[in-house]
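Visitor: protein00.cif is reproduced in full below (mmCIF, C-alpha atoms).
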data_input
loop_
_atom_site.label_atom_id
_atom_site.label_comp_id
_atom_site.auth_asym_id
_atom_site.auth_seq_id
_atom_site.Cartn_x
_atom_site.Cartn_y
_atom_site.Cartn_z
CA MET A 10 8.69 -13.47 -25.34
CA ALA A 11 10.54 -10.18 -25.27
CA ALA A 12 13.87 -9.78 -27.01
CA LYS A 13 16.99 -10.11 -24.87
CA SER A 14 18.49 -6.88 -23.58
CA ARG A 15 22.04 -5.91 -24.49
CA THR A 16 23.23 -7.03 -21.03
CA ALA A 17 21.47 -10.40 -21.29
CA LYS A 18 23.06 -10.98 -24.69
CA TYR A 19 26.50 -10.16 -23.28
CA TYR A 20 26.18 -12.61 -20.37
CA ALA A 21 24.80 -15.31 -22.69
CA ALA A 22 27.86 -14.91 -24.93
CA ASN A 23 30.37 -14.69 -22.04
CA PRO A 24 29.79 -17.56 -19.58
CA GLU A 25 32.80 -16.70 -17.41
CA ALA A 26 31.57 -13.13 -16.93
CA ARG A 27 28.12 -14.53 -16.15
CA ARG A 28 29.52 -16.86 -13.46
CA ARG A 29 31.47 -13.94 -11.96
CA ARG A 30 28.33 -11.77 -11.89
CA VAL A 31 26.19 -14.52 -10.30
CA ARG A 32 28.87 -15.15 -7.66
CA ARG A 33 29.17 -11.43 -6.87
CA GLN A 34 25.39 -11.00 -6.72
CA ALA A 35 25.08 -14.01 -4.38
CA GLU A 36 27.58 -12.40 -2.00
CA ILE A 37 25.59 -9.16 -2.01
CA ASN A 38 22.30 -11.00 -1.42
CA ARG A 39 23.77 -12.75 1.65
CA ARG A 40 24.55 -9.47 3.43
CA PRO A 41 22.48 -8.92 6.58
CA SER A 42 21.54 -5.42 5.36
CA GLU A 43 20.15 -6.83 2.09
CA LYS A 44 18.23 -9.57 3.93
CA LYS A 45 16.71 -6.93 6.22
CA LYS A 46 15.73 -4.79 3.23
CA ARG A 47 13.98 -7.77 1.59
CA ARG A 48 12.23 -8.67 4.87
CA ASP A 49 10.99 -5.11 5.36
CA LEU A 50 9.66 -4.82 1.81
CA ALA A 51 8.00 -8.26 2.00
CA ARG A 52 6.35 -7.22 5.28
CA GLU A 53 5.03 -4.05 3.63
CA ARG A 54 3.73 -6.01 0.61
CA ARG A 55 1.92 -8.44 2.95
CA LYS A 56 0.45 -5.52 4.90
CA ARG A 57 -0.86 -3.99 1.66
CA GLY A 58 -2.27 -7.34 0.51
CA ILE A 59 -0.19 -7.48 -2.68
CA MET A 60 2.39 -10.11 -1.69
CA GLY A 61 2.75 -12.76 -4.41
CA LYS A 62 0.41 -11.01 -6.83
CA GLY A 63 2.98 -9.27 -9.04
CA GLY A 64 2.25 -5.70 -10.01
CA LYS A 65 3.86 -2.62 -8.54
CA ASP A 66 6.97 -2.43 -6.34
CA VAL A 67 7.00 -1.02 -2.83
CA SER A 68 9.48 1.80 -3.35
CA HIS A 69 11.30 4.02 -0.85
CA ARG A 70 11.18 7.79 -0.80
CA SER A 71 14.12 9.89 0.33
CA ASP A 72 12.34 10.56 3.66
CA GLY A 73 12.15 6.79 4.34
CA SER A 74 8.44 6.34 3.63
CA THR A 75 7.21 3.73 1.13
CA PHE A 76 4.77 3.88 -1.76
CA LEU A 77 3.71 1.76 -4.74
CA GLU A 78 5.60 2.46 -7.95
CA SER A 79 5.94 0.90 -11.37
CA PRO A 80 8.78 -1.67 -11.33
CA SER A 81 10.37 -0.20 -14.48
CA VAL A 82 10.58 3.26 -12.91
CA ASN A 83 11.71 1.99 -9.50
CA ARG A 84 14.38 -0.38 -10.81
CA GLY A 85 15.56 2.13 -13.40
CA ARG A 86 16.49 4.62 -10.69
CA GLN A 87 19.96 3.35 -9.77
CA GLY A 88 21.75 6.59 -8.98
CA ALA A 89 23.72 6.55 -12.23
CA GLY A 90 24.09 9.70 -14.28
CA GLY A 91 23.06 11.99 -11.46
CA LYS A 92 19.69 10.28 -10.88
CA PRO A 93 18.70 9.97 -7.22
CA LYS A 94 18.70 6.48 -5.70
CA ARG A 95 15.35 7.09 -4.01
CA ALA A 96 12.18 8.81 -5.13
CA PRO A 97 11.81 12.37 -3.87
CA ALA A 98 9.76 12.93 -0.74
CA THR A 99 6.32 14.40 -1.34
CA LYS A 100 4.46 16.93 0.73
CA ARG A 101 1.65 15.22 2.60
CA GLY A 102 -1.88 16.58 2.53
CA LYS A 103 -1.85 18.02 -0.99
#
Once you've parsed the file, please lay out its structure as structure tokens.
Guide:
Amino acid sequence: MAAKSRTAKYYAANPEARRRRVRRQAEINRRPSEKKKRRDLARERRKRGIMGKGGKDVSHRSDGSTFLESPSVNRGRQGAGGKPKRAPATKRGK
């Protein structure tokens, strides 16, 4: 088993902060826009035949298209520190 991250250690040591985070995340996950996003990505994973098999994420490009990407790269791109929230669009046909 991998070692706990710094964030995981913090929430393990601070149960009140953990409860607050879980409550806040539950509110976000209930939003219609978040539900639609999950539905769309699940539909794409089913279409590609990778639903329920683990592996790569279906990631969004800035032009709205989707592609398979490593989960660590996709989930690490959160828009912090000047990083874009979505992967750059690529030129098709090259």
Visitor: Given the PyMOL selection byres ((chain A and resi 64-79) around 9) and the file above, list the residues it selects as an mmCIF file with C-alpha atoms, in the frame of the given file.
Guide:
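Just written: part39.cif:
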data_model
loop_
_atom_site.group_PDB
_atom_site.id
_atom_site.type_symbol
_atom_site.label_atom_id
_atom_site.label_comp_id
_atom_site.auth_asym_id
_atom_site.auth_seq_id
_atom_site.Cartn_x
_atom_site.Cartn_y
_atom_site.Cartn_z
ATOM 1 C CA LEU A 50 9.660 -4.820 1.810
ATOM 2 C CA ALA A 51 8.000 -8.260 2.000
ATOM 3 C CA GLU A 53 5.030 -4.050 3.630
ATOM 4 C CA ARG A 54 3.730 -6.010 0.610
ATOM 5 C CA ILE A 59 -0.190 -7.480 -2.680
ATOM 6 C CA LYS A 62 0.410 -11.010 -6.830
ATOM 7 C CA GLY A 63 2.980 -9.270 -9.040
ATOM 8 C CA PRO A 80 8.780 -1.670 -11.330
ATOM 9 C CA SER A 81 10.370 -0.200 -14.480
ATOM 10 C CA VAL A 82 10.580 3.260 -12.910
ATOM 11 C CA ASN A 83 11.710 1.990 -9.500
ATOM 12 C CA ARG A 84 14.380 -0.380 -10.810
ATOM 13 C CA PRO A 93 18.700 9.970 -7.220
ATOM 14 C CA LYS A 94 18.700 6.480 -5.700
ATOM 15 C CA ARG A 95 15.350 7.090 -4.010
ATOM 16 C CA ALA A 96 12.180 8.810 -5.130
ATOM 17 C CA PRO A 97 11.810 12.370 -3.870
ATOM 18 C CA ALA A 98 9.760 12.930 -0.740
ATOM 19 C CA THR A 99 6.320 14.400 -1.340
#
Visitor: Please report the interatomic distance between CA of Arg15 in chain A and CA of Arg32 in chain A in Å with one decimal.
Guide: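 CA of Arg32 in chain A lies at a distance of 20.4 Å from CA of Arg15 in chain A.
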Visitor: Mind pulling up the distance from CA of Arg33 in chain A to CA of Tyr20 in chain A?
Guide: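 Result for CA of Tyr20 in chain A versus CA of Arg33 in chain A: 13.9 Å, one decimal.
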